[in-house]
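Have a look at the structure below before the remarks.
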Amino acid sequence: MEKVMSLKNISVSMEIISMSWKVLKVPLKKPFKIALGTIENYEGVIVKICTEEYCGYGEASPSPKIVGDTVDTVVAALGRFEPLIIGEDVENYGRIMETINRSMVHNSSAKAAIDFALFDILAQRANLPVKSLLGGKKDRIETSLTVDISSVEKSVKHAEELLSQGAKVLKVKIGLNPQEDIERIRAIRKITDARIRVDGNQGYSLNQAIKVLNAIDRYEIEFAEQPLPVGHEDELKILREKVPIPIMADESVHDSRDVLNLIGKVDAINIKLMKSGGIYEALKMASIARAAGMKIMVGCMIETKLAIAAGTHFALGVGVDYADLDGYWDLKEQPFEGDIYRDGYNYAPEKPGLGVTPIKELL
Ligand SMILES: [Mg+2]
């Protein structure tokens with residue numbers, strides 16, 4: 001009987017019959033300021049891919065200054081991907097991603113949107129959360145909550161708010177004003193024993209980074225993300241030798257080739273699915289980083305809970321070291337619902353697939 005039922009299940013067609021997308025703009029609760037600039041709105045593209053039986057959702061959150069894409073280029077890329085995937089069988093996930101990746105270079109957030117939707121369908125079909133398909137190594141992971149750049153006084157207030165919401169790790173943005181950055185970290189350390197990591201978003205020169213990181217080491221900093229500009233990877237190696245705080249690459253690492261290039265230059269990498277073009281490439285990045293003895297964080301852009309769920313499933317499935325998956329916190333409204341955050345930790349929704357659903361009909 002069991003055999004008959006499973007055979008029946010296998011006979012369900014997994015052919016992709018439709019793909020649609022919609023541009024989504026959501027204002028932020030307040031402008032989000034980092035060394036790279038200030039953002040006032042979330043602007044992304046939501047993708048829906050369907051077989052006869054299942055529909056999966058994906059999201060592209062473009063970032064002109066990091067990935068080099070925009071909502072318009074995402075829409076153009078999706079238009080090119082559509083004819084390549086219609087009629088394909090979702091069970092050939094790897095083959096579909098190879099086809100998409102070969103069809104256009106870059107355009108990683110559009111590729112990520114396809115990747116998430118395919119994984120969402122595969123996991124629904126398997127009746128498992130995506131994290132289980134990826135290895136199911138962890139049930140939860142501490143996520144940092146982000147203090148963006150403002151006056152020292154406002155930063156302390158912001159940190160207090162996040163701590164009152166259960167934050168066990170704070171990620172403090174720096175990189176615009178070395179003296180004020182040191183003061184900001186000192187002031188935040190005064191009010192909490194929580195772990196603190198910092199992110200320079202490429203804002204410093206080598207000398208500034210050496211000065212600031214040595215000055216804040218006394219405040220017990222977990223690691224420093226991307227203090228130097230992209231293209232200065234050899235200086236990251238020098239920095240790593242001159243400061244006691246572990247150095248993590250973020251904007252300098254998009255794909256597996258970048259990870260290879262950074263071996264010996266940094267202690268850790270920040271994998272973001274919008275940079276890697278989804279889970280397919282991110283799995284290779286994680287394998288290389290592990291083999292090279294680097295720590296791994298999974299991070300995010302400003303994203304809805306949909307992409308954050310994908311990042312959380314990936315982080316838990318692979319069992320990475322750190323997570324910075326709070327990109328939806330700043331959105332004024334949540335287009336997707338799903339249980340992700342509780343008391344300082346991110347969890348994967350306990351449903352088949354990615355486990356998040358649109359609050360109102362989006363597509
Ligand atoms: Mg970063």
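Going by the structure tokens order, chains are called A, B, ..., each with residues numbered from 1, while ligands are numbered from 1 in the order shown.
A distance search around ligand 1 (6 Å at most, only C-alpha atoms and all ligand atoms) returns the following protein and nucleic acid residues: Asp199, Asn201, Glu225 and Asp250 of chain A.
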Can you pull out the residues contacting region 204-207 of chain A? Cut-off 12 Å, using only C-alpha atoms, and skip same-chain residues under 4 positions away; I want them as a PyMOL selection string.
chain A and resi 35-36+174-179+181+199-200+211-214+224-230+232-243
I need the chosen residues saved as an mmCIF file, in the first residue's frame, with N, CA and C atoms.
```cif
data_model
loop_
_atom_site.group_PDB
_atom_site.id
_atom_site.type_symbol
_atom_site.label_atom_id
_atom_site.label_comp_id
_atom_site.auth_asym_id
_atom_site.auth_seq_id
_atom_site.Cartn_x
_atom_site.Cartn_y
_atom_site.Cartn_z
ATOM 1 N N ALA A 35 27.858 53.477 5.757
ATOM 2 C CA ALA A 35 28.936 54.210 5.079
ATOM 3 C C ALA A 35 28.729 54.288 3.567
ATOM 4 N N LEU A 36 27.961 53.349 2.994
ATOM 5 C CA LEU A 36 27.744 53.349 1.539
ATOM 6 C C LEU A 36 26.676 54.329 1.083
ATOM 7 N N ILE A 174 29.780 51.280 11.205
ATOM 8 C CA ILE A 174 30.800 52.318 11.356
ATOM 9 C C ILE A 174 31.330 52.649 9.962
ATOM 10 N N GLY A 175 32.375 53.490 9.887
ATOM 11 C CA GLY A 175 33.027 53.687 8.595
ATOM 12 C C GLY A 175 32.924 55.094 8.025
ATOM 13 N N LEU A 176 32.247 55.996 8.741
ATOM 14 C CA LEU A 176 32.142 57.361 8.216
ATOM 15 C C LEU A 176 33.042 58.338 8.950
ATOM 16 N N ASN A 177 33.161 58.151 10.272
ATOM 17 C CA ASN A 177 33.903 59.110 11.090
ATOM 18 C C ASN A 177 34.652 58.352 12.199
ATOM 19 N N PRO A 178 35.957 58.125 11.986
ATOM 20 C CA PRO A 178 36.708 57.254 12.905
ATOM 21 C C PRO A 178 36.540 57.632 14.390
ATOM 22 N N GLN A 179 36.668 58.920 14.707
ATOM 23 C CA GLN A 179 36.601 59.319 16.111
ATOM 24 C C GLN A 179 35.220 59.057 16.697
ATOM 25 N N ASP A 181 33.099 56.911 15.571
ATOM 26 C CA ASP A 181 32.879 55.456 15.607
ATOM 27 C C ASP A 181 33.419 54.858 16.909
ATOM 28 N N ASP A 199 30.607 46.826 11.393
ATOM 29 C CA ASP A 199 30.621 46.733 9.934
ATOM 30 C C ASP A 199 30.982 48.092 9.343
ATOM 31 N N GLY A 200 32.153 48.158 8.679
ATOM 32 C CA GLY A 200 32.629 49.425 8.111
ATOM 33 C C GLY A 200 32.106 49.720 6.725
ATOM 34 N N LYS A 211 43.762 52.054 13.113
ATOM 35 C CA LYS A 211 43.578 52.894 14.302
ATOM 36 C C LYS A 211 42.276 52.565 15.024
ATOM 37 N N VAL A 212 41.173 52.560 14.263
ATOM 38 C CA VAL A 212 39.856 52.365 14.890
ATOM 39 C C VAL A 212 39.755 50.965 15.509
ATOM 40 N N LEU A 213 40.161 49.948 14.767
ATOM 41 C CA LEU A 213 39.977 48.580 15.278
ATOM 42 C C LEU A 213 40.867 48.319 16.496
ATOM 43 N N ASN A 214 42.076 48.882 16.490
ATOM 44 C CA ASN A 214 42.908 48.726 17.691
ATOM 45 C C ASN A 214 42.307 49.472 18.883
ATOM 46 N N ALA A 224 35.120 42.332 12.640
ATOM 47 C CA ALA A 224 34.884 43.574 11.888
ATOM 48 C C ALA A 224 34.643 43.213 10.429
ATOM 49 N N GLU A 225 33.479 43.646 9.920
ATOM 50 C CA GLU A 225 33.117 43.353 8.537
ATOM 51 C C GLU A 225 33.631 44.448 7.607
ATOM 52 N N GLN A 226 34.214 44.026 6.530
ATOM 53 C CA GLN A 226 34.587 44.867 5.374
ATOM 54 C C GLN A 226 34.971 46.309 5.744
ATOM 55 N N PRO A 227 36.079 46.483 6.476
ATOM 56 C CA PRO A 227 36.483 47.856 6.814
ATOM 57 C C PRO A 227 37.004 48.622 5.594
ATOM 58 N N LEU A 228 37.550 47.902 4.594
ATOM 59 C CA LEU A 228 38.226 48.550 3.457
ATOM 60 C C LEU A 228 37.428 48.391 2.160
ATOM 61 N N PRO A 229 37.688 49.283 1.204
ATOM 62 C CA PRO A 229 36.938 49.216 -0.055
ATOM 63 C C PRO A 229 37.189 47.926 -0.847
ATOM 64 N N VAL A 230 36.219 47.560 -1.649
ATOM 65 C CA VAL A 230 36.375 46.449 -2.590
ATOM 66 C C VAL A 230 37.572 46.759 -3.495
ATOM 67 N N HIS A 232 40.635 46.248 -2.423
ATOM 68 C CA HIS A 232 41.766 46.372 -1.500
ATOM 69 C C HIS A 232 41.933 45.085 -0.685
ATOM 70 N N GLU A 233 41.709 43.949 -1.322
ATOM 71 C CA GLU A 233 41.744 42.678 -0.585
ATOM 72 C C GLU A 233 43.145 42.369 -0.038
ATOM 73 N N ASP A 234 44.189 42.805 -0.762
ATOM 74 C CA ASP A 234 45.541 42.550 -0.246
ATOM 75 C C ASP A 234 45.796 43.344 1.032
ATOM 76 N N GLU A 235 45.151 44.519 1.136
ATOM 77 C CA GLU A 235 45.282 45.310 2.374
ATOM 78 C C GLU A 235 44.496 44.672 3.523
ATOM 79 N N LEU A 236 43.457 43.920 3.193
ATOM 80 C CA LEU A 236 42.736 43.212 4.263
ATOM 81 C C LEU A 236 43.695 42.253 4.975
ATOM 82 N N LYS A 237 44.588 41.656 4.185
ATOM 83 C CA LYS A 237 45.578 40.726 4.752
ATOM 84 C C LYS A 237 46.516 41.466 5.718
ATOM 85 N N ILE A 238 46.936 42.680 5.308
ATOM 86 C CA ILE A 238 47.822 43.483 6.172
ATOM 87 C C ILE A 238 47.063 43.876 7.438
ATOM 88 N N LEU A 239 45.827 44.325 7.236
ATOM 89 C CA LEU A 239 44.998 44.730 8.381
ATOM 90 C C LEU A 239 44.859 43.580 9.378
ATOM 91 N N ARG A 240 44.609 42.397 8.836
ATOM 92 C CA ARG A 240 44.402 41.214 9.681
ATOM 93 C C ARG A 240 45.621 40.949 10.567
ATOM 94 N N GLU A 241 46.797 41.270 10.028
ATOM 95 C CA GLU A 241 48.027 41.058 10.808
ATOM 96 C C GLU A 241 48.246 42.157 11.844
ATOM 97 N N LYS A 242 47.615 43.317 11.659
ATOM 98 C CA LYS A 242 47.892 44.471 12.533
ATOM 99 C C LYS A 242 46.839 44.715 13.594
ATOM 100 N N VAL A 243 45.728 43.995 13.517
ATOM 101 C CA VAL A 243 44.685 44.188 14.541
ATOM 102 C C VAL A 243 44.261 42.839 15.120
#
```
Strand (DSSP E) call set, DSSP backbone run, region 123-355 of chain A, as a VMD selection string:
chain A and resid 140 to 142 144 to 147 169 to 173 195 to 199 221 to 225 247 to 249 268 to 271 295 to 298 322 to 323 336 to 337 341 to 342 345 to 347
Would you output that residue set with N, CA and C atoms, as a compact mmCIF listing (two decimals), in the first residue's frame?
```txt
# COMPACT_ATOMS: atom_id res chain seq x y z
N ARG A 140 18.19 26.62 15.30
CA ARG A 140 18.05 28.07 15.44
C ARG A 140 19.45 28.70 15.40
N ILE A 141 19.50 29.99 15.15
CA ILE A 141 20.80 30.68 15.13
C ILE A 141 20.60 32.10 15.64
N GLU A 142 21.54 32.54 16.47
CA GLU A 142 21.46 33.93 16.95
C GLU A 142 21.63 34.85 15.77
N SER A 144 22.27 38.89 14.61
CA SER A 144 22.55 40.24 15.11
C SER A 144 21.43 41.16 14.65
N LEU A 145 21.20 42.19 15.42
CA LEU A 145 20.27 43.26 15.03
C LEU A 145 21.13 44.50 14.82
N THR A 146 20.75 45.32 13.85
CA THR A 146 21.68 46.34 13.34
C THR A 146 21.42 47.74 13.88
N VAL A 147 22.48 48.36 14.36
CA VAL A 147 22.46 49.77 14.73
C VAL A 147 23.10 50.53 13.58
N VAL A 169 23.11 39.87 20.09
CA VAL A 169 24.26 40.36 19.33
C VAL A 169 23.85 41.65 18.63
N LEU A 170 24.70 42.67 18.75
CA LEU A 170 24.45 43.92 18.03
C LEU A 170 25.47 44.05 16.92
N LYS A 171 25.00 44.46 15.74
CA LYS A 171 25.94 44.77 14.67
C LYS A 171 25.90 46.28 14.51
N VAL A 172 27.02 46.92 14.81
CA VAL A 172 27.05 48.38 14.80
C VAL A 172 27.77 48.84 13.52
N LYS A 173 27.08 49.69 12.78
CA LYS A 173 27.63 50.21 11.53
C LYS A 173 28.61 51.34 11.85
N ARG A 195 27.06 40.61 22.78
CA ARG A 195 28.15 40.59 21.80
C ARG A 195 27.98 41.75 20.84
N ILE A 196 29.13 42.33 20.41
CA ILE A 196 29.11 43.45 19.46
C ILE A 196 30.02 43.10 18.28
N ARG A 197 29.47 43.21 17.08
CA ARG A 197 30.30 43.12 15.87
C ARG A 197 30.16 44.46 15.15
N VAL A 198 31.16 44.82 14.35
CA VAL A 198 31.08 46.11 13.65
C VAL A 198 31.17 45.89 12.14
N ASP A 199 30.61 46.83 11.39
CA ASP A 199 30.62 46.73 9.93
C ASP A 199 30.98 48.09 9.34
N ILE A 221 35.17 43.14 20.69
CA ILE A 221 34.47 43.10 19.40
C ILE A 221 34.62 41.71 18.78
N GLU A 222 33.50 41.15 18.38
CA GLU A 222 33.49 39.77 17.86
C GLU A 222 34.24 39.67 16.52
N PHE A 223 33.94 40.58 15.60
CA PHE A 223 34.67 40.67 14.33
C PHE A 223 34.34 42.00 13.66
N ALA A 224 35.12 42.33 12.64
CA ALA A 224 34.88 43.57 11.89
C ALA A 224 34.64 43.21 10.43
N GLU A 225 33.48 43.65 9.92
CA GLU A 225 33.12 43.35 8.54
C GLU A 225 33.63 44.45 7.61
N ILE A 247 38.77 39.62 10.97
CA ILE A 247 38.28 40.40 9.83
C ILE A 247 37.39 39.52 8.94
N MET A 248 36.23 40.08 8.60
CA MET A 248 35.28 39.36 7.73
C MET A 248 35.10 40.15 6.43
N ALA A 249 35.12 39.45 5.29
CA ALA A 249 34.83 40.10 4.01
C ALA A 249 33.33 40.05 3.75
N ALA A 268 36.94 35.37 7.95
CA ALA A 268 35.56 34.94 7.78
C ALA A 268 34.95 35.61 6.56
N ILE A 269 33.86 35.02 6.07
CA ILE A 269 33.14 35.63 4.94
C ILE A 269 31.67 35.78 5.29
N ASN A 270 31.07 36.79 4.68
CA ASN A 270 29.63 37.02 4.83
C ASN A 270 28.96 36.60 3.52
N ILE A 271 28.27 35.47 3.57
CA ILE A 271 27.53 35.00 2.39
C ILE A 271 26.15 35.65 2.39
N LYS A 295 35.49 31.17 8.97
CA LYS A 295 34.16 31.18 9.57
C LYS A 295 33.17 31.73 8.54
N ILE A 296 31.92 31.38 8.72
CA ILE A 296 30.89 31.81 7.77
C ILE A 296 29.74 32.50 8.49
N MET A 297 29.38 33.65 7.95
CA MET A 297 28.14 34.30 8.39
C MET A 297 27.18 34.32 7.20
N VAL A 298 25.89 34.21 7.48
CA VAL A 298 24.90 34.47 6.43
C VAL A 298 24.27 35.82 6.75
N TYR A 322 27.62 32.28 12.08
CA TYR A 322 26.95 33.52 12.50
C TYR A 322 25.82 33.86 11.53
N ALA A 323 24.86 34.61 12.03
CA ALA A 323 23.80 35.10 11.15
C ALA A 323 23.56 36.58 11.42
N PHE A 336 5.12 39.69 3.76
CA PHE A 336 5.04 38.24 4.02
C PHE A 336 4.95 38.00 5.52
N GLU A 337 4.25 36.90 5.87
CA GLU A 337 4.24 36.53 7.28
C GLU A 337 4.85 35.15 7.46
N TYR A 341 11.66 35.18 13.99
CA TYR A 341 12.48 35.71 15.10
C TYR A 341 11.83 35.47 16.45
N ARG A 342 12.63 34.99 17.39
CA ARG A 342 12.16 34.92 18.77
C ARG A 342 13.34 35.13 19.70
N TYR A 345 16.98 34.99 18.44
CA TYR A 345 17.30 33.90 17.52
C TYR A 345 16.40 33.93 16.28
N ASN A 346 16.94 33.50 15.14
CA ASN A 346 16.11 33.23 13.96
C ASN A 346 15.83 31.73 13.89
N TYR A 347 14.59 31.41 13.56
CA TYR A 347 14.16 30.02 13.36
C TYR A 347 13.63 29.91 11.94
```
What is the distance, in Å and to one decimal place, between CA of Leu118 (chain A) and CA of Pro83 (chain A)?
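So the two atoms, CA of Leu118 (chain A) and CA of Pro83 (chain A), lie 15.2 Å apart.
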Using only C-alpha atoms, pick whichever of A:Ile188, A:Leu134, A:Leu28, A:Cys300 has the shortest atom-to-atom distance to Pro62 (chain A).
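Among the listed residues, the smallest separation from Pro62 (chain A) belongs to A:Cys300.
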Who sits within 8 Å of region 307-318 of chain A, only C-alpha atoms, same chain under 6 positions skipped, as a VMD selection string:
chain A and resid 58 to 60 116 129 to 141 272 to 273 279 283 286 297 to 300 325 to 328 340 346 to 349 354 to 356
At a cut-off of 10 Å, using only C-alpha atoms, what residues contact Gly68 (chain A)? Leave out same-chain residues fewer than 5 positions from it and give the result as a PyMOL selection string.
chain A and resi 62-63+73+106-109+275
From the list A:Ile100, A:Ile302, A:Leu78, A:Ile121, which residue is nearest Ile49 (chain A) when using only C-alpha atoms?
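For Ile49 (chain A), the nearest of the given residues is A:Ile121.
Residues with any atom within 10 Å of Glu82 (chain A), counting only C-alpha atoms and excluding same-chain neighbours fewer than 3 positions away, are Ser18, Met19, Ser20, Ile49, Ala77, Leu78, Gly79, Ile85, Ile86, Gly87, Ile100 and Ile114 of chain A.
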Got time to write the residues from that selection, N, CA and C atoms, as a tab-separated table (two decimals), in the first residue's frame?
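What landed in part_25.tsv:
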```tsv
chain	number	residue	atom	x	y	z
A	18	SER	N	4.22	28.12	-15.11
A	18	SER	CA	4.09	29.58	-15.15
A	18	SER	C	5.12	30.27	-14.28
A	19	MET	N	5.43	31.49	-14.64
A	19	MET	CA	6.33	32.32	-13.84
A	19	MET	C	5.84	33.76	-13.96
A	20	SER	N	5.68	34.41	-12.84
A	20	SER	CA	5.25	35.81	-12.87
A	20	SER	C	6.05	36.59	-11.83
A	49	ILE	N	6.68	31.06	-9.12
A	49	ILE	CA	6.84	30.01	-10.13
A	49	ILE	C	5.90	28.87	-9.76
A	77	ALA	N	16.17	40.90	-16.49
A	77	ALA	CA	16.79	39.56	-16.38
A	77	ALA	C	15.72	38.48	-16.24
A	78	LEU	N	14.69	38.74	-15.44
A	78	LEU	CA	13.63	37.74	-15.26
A	78	LEU	C	12.95	37.45	-16.60
A	79	GLY	N	12.79	38.51	-17.42
A	79	GLY	CA	12.19	38.33	-18.74
A	79	GLY	C	13.02	37.40	-19.62
A	85	ILE	N	13.08	28.57	-18.37
A	85	ILE	CA	12.65	27.65	-17.30
A	85	ILE	C	11.24	27.09	-17.51
A	86	ILE	N	10.42	27.78	-18.30
A	86	ILE	CA	9.07	27.24	-18.56
A	86	ILE	C	9.22	25.88	-19.27
A	87	GLY	N	8.50	24.89	-18.75
A	87	GLY	CA	8.56	23.55	-19.35
A	87	GLY	C	9.63	22.66	-18.74
A	100	ILE	N	20.47	29.07	-16.16
A	100	ILE	CA	20.25	30.48	-15.83
A	100	ILE	C	21.60	31.21	-15.66
A	114	ILE	N	14.84	33.19	-8.56
A	114	ILE	CA	14.49	31.91	-9.21
A	114	ILE	C	14.87	30.74	-8.30
```
Could you pull out the helix (DSSP H, G or I) residues of region 76-306 of chain A, going by DSSP on the backbone, and write them as a ChimeraX atom specification?
/A:76-85,90-103,108-126,130-133,152-164,178-191,206-219,233-242,256-262,273-276,279-291,305-306
Just to be explicit: take each residue in the selection above, keep C-alpha atoms, and write the result as a compact mmCIF listing (two decimals), in the first residue's frame.
```
# COMPACT_ATOMS: atom_id res chain seq x y z
CA ALA A 76 14.83 42.61 -17.59
CA ALA A 77 16.79 39.56 -16.38
CA LEU A 78 13.63 37.74 -15.26
CA GLY A 79 12.19 38.33 -18.74
CA ARG A 80 15.19 36.54 -20.21
CA PHE A 81 15.07 33.69 -17.67
CA GLU A 82 11.37 32.95 -18.15
CA PRO A 83 11.57 31.13 -21.52
CA LEU A 84 14.57 29.15 -20.21
CA ILE A 85 12.65 27.65 -17.30
CA VAL A 90 11.79 21.44 -11.01
CA GLU A 91 13.46 18.17 -10.02
CA ASN A 92 16.31 19.22 -12.34
CA TYR A 93 17.04 22.18 -10.06
CA GLY A 94 20.81 22.12 -10.59
CA ARG A 95 20.47 21.94 -14.34
CA ILE A 96 18.04 24.87 -14.36
CA MET A 97 20.38 27.00 -12.22
CA GLU A 98 23.34 26.17 -14.50
CA THR A 99 21.28 27.24 -17.51
CA ILE A 100 20.25 30.48 -15.83
CA ASN A 101 23.80 31.21 -14.64
CA ARG A 102 25.26 30.60 -18.07
CA SER A 103 22.63 32.74 -19.82
CA SER A 108 22.66 37.74 -8.95
CA SER A 109 19.53 38.93 -7.12
CA ALA A 110 17.32 37.95 -10.09
CA LYS A 111 19.02 34.53 -10.06
CA ALA A 112 18.44 34.28 -6.30
CA ALA A 113 14.71 34.88 -6.81
CA ILE A 114 14.49 31.91 -9.21
CA ASP A 115 16.61 29.77 -6.89
CA PHE A 116 14.36 30.46 -3.85
CA ALA A 117 11.16 29.72 -5.76
CA LEU A 118 12.53 26.41 -7.06
CA PHE A 119 13.68 25.38 -3.57
CA ASP A 120 10.31 26.40 -2.16
CA ILE A 121 8.60 24.02 -4.61
CA LEU A 122 11.09 21.17 -4.11
CA ALA A 123 10.72 21.33 -0.34
CA GLN A 124 6.92 21.53 -0.48
CA ARG A 125 6.96 18.47 -2.68
CA ALA A 126 9.22 16.67 -0.20
CA VAL A 130 14.03 23.92 3.03
CA LYS A 131 16.58 23.72 5.88
CA SER A 132 16.07 19.96 6.08
CA LEU A 133 16.80 19.51 2.37
CA VAL A 152 26.36 58.60 19.39
CA GLU A 153 23.35 59.46 21.54
CA LYS A 154 20.85 58.14 18.99
CA SER A 155 22.96 55.01 18.42
CA VAL A 156 22.83 54.22 22.15
CA LYS A 157 19.06 54.70 22.16
CA HIS A 158 18.70 52.48 19.12
CA ALA A 159 20.88 49.81 20.76
CA GLU A 160 18.71 49.96 23.89
CA GLU A 161 15.57 49.39 21.81
CA LEU A 162 17.10 46.36 20.07
CA LEU A 163 18.30 44.92 23.39
CA SER A 164 14.80 45.28 24.80
CA PRO A 178 36.71 57.25 12.91
CA GLN A 179 36.60 59.32 16.11
CA GLU A 180 32.83 59.19 16.38
CA ASP A 181 32.88 55.46 15.61
CA ILE A 182 35.21 54.78 18.54
CA GLU A 183 32.97 56.90 20.76
CA ARG A 184 29.85 55.08 19.48
CA ILE A 185 31.26 51.65 20.34
CA ARG A 186 32.48 52.85 23.75
CA ALA A 187 29.04 54.26 24.56
CA ILE A 188 27.18 51.14 23.47
CA ARG A 189 29.54 48.82 25.35
CA LYS A 190 28.82 50.85 28.49
CA ILE A 191 25.13 49.84 28.44
CA LEU A 206 43.97 50.95 5.83
CA ASN A 207 45.44 53.40 8.35
CA GLN A 208 42.05 54.48 9.64
CA ALA A 209 40.99 50.85 10.03
CA ILE A 210 44.15 49.96 11.94
CA LYS A 211 43.58 52.89 14.30
CA VAL A 212 39.86 52.37 14.89
CA LEU A 213 39.98 48.58 15.28
CA ASN A 214 42.91 48.73 17.69
CA ALA A 215 41.10 51.41 19.70
CA ILE A 216 37.84 49.46 20.00
CA ASP A 217 39.43 46.07 20.70
CA ARG A 218 39.11 46.78 24.44
CA TYR A 219 35.31 46.75 24.04
CA GLU A 233 41.74 42.68 -0.58
CA ASP A 234 45.54 42.55 -0.25
CA GLU A 235 45.28 45.31 2.37
CA LEU A 236 42.74 43.21 4.26
CA LYS A 237 45.58 40.73 4.75
CA ILE A 238 47.82 43.48 6.17
CA LEU A 239 45.00 44.73 8.38
CA ARG A 240 44.40 41.21 9.68
CA GLU A 241 48.03 41.06 10.81
CA LYS A 242 47.89 44.47 12.53
CA SER A 256 33.02 30.94 -4.92
CA ARG A 257 35.85 32.48 -6.96
CA ASP A 258 35.97 35.38 -4.51
CA VAL A 259 36.17 32.95 -1.59
CA LEU A 260 39.21 31.29 -3.17
CA ASN A 261 40.79 34.73 -3.68
CA LEU A 262 40.31 35.60 0.00
CA LEU A 273 22.16 35.01 -1.19
CA MET A 274 21.51 38.21 -3.16
CA LYS A 275 25.24 38.39 -3.96
CA SER A 276 25.72 34.69 -4.70
CA ILE A 279 21.53 28.83 -2.56
CA TYR A 280 23.08 26.94 -5.51
CA GLU A 281 26.28 29.03 -5.57
CA ALA A 282 26.21 29.72 -1.81
CA LEU A 283 26.61 25.98 -1.10
CA LYS A 284 29.89 25.98 -3.06
CA MET A 285 31.06 29.10 -1.22
CA ALA A 286 30.35 27.51 2.16
CA SER A 287 32.25 24.34 1.22
CA ILE A 288 35.34 26.28 0.13
CA ALA A 289 35.27 28.52 3.20
CA ARG A 290 34.94 25.52 5.52
CA ALA A 291 37.80 23.68 3.83
CA LYS A 305 10.68 37.98 5.36
CA LEU A 306 10.64 35.86 2.22
```
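Closest approach to Asn127 (chain A) from the set A:Glu303, A:Thr38, A:Lys33, A:Tyr54 is made by A:Tyr54, with distances taken over only C-alpha atoms.
Considering the residues A:Thr143, A:Thr304, A:Ser150, A:Gln165 and counting only C-alpha atoms, Ile46 (chain A) has its shortest atom-to-atom contact with A:Thr304.
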For Ile359 (chain A), which residue among A:Thr192, A:Ser252, A:Lys22, A:Pro335 is the nearest when counting only C-alpha atoms?
A:Pro335
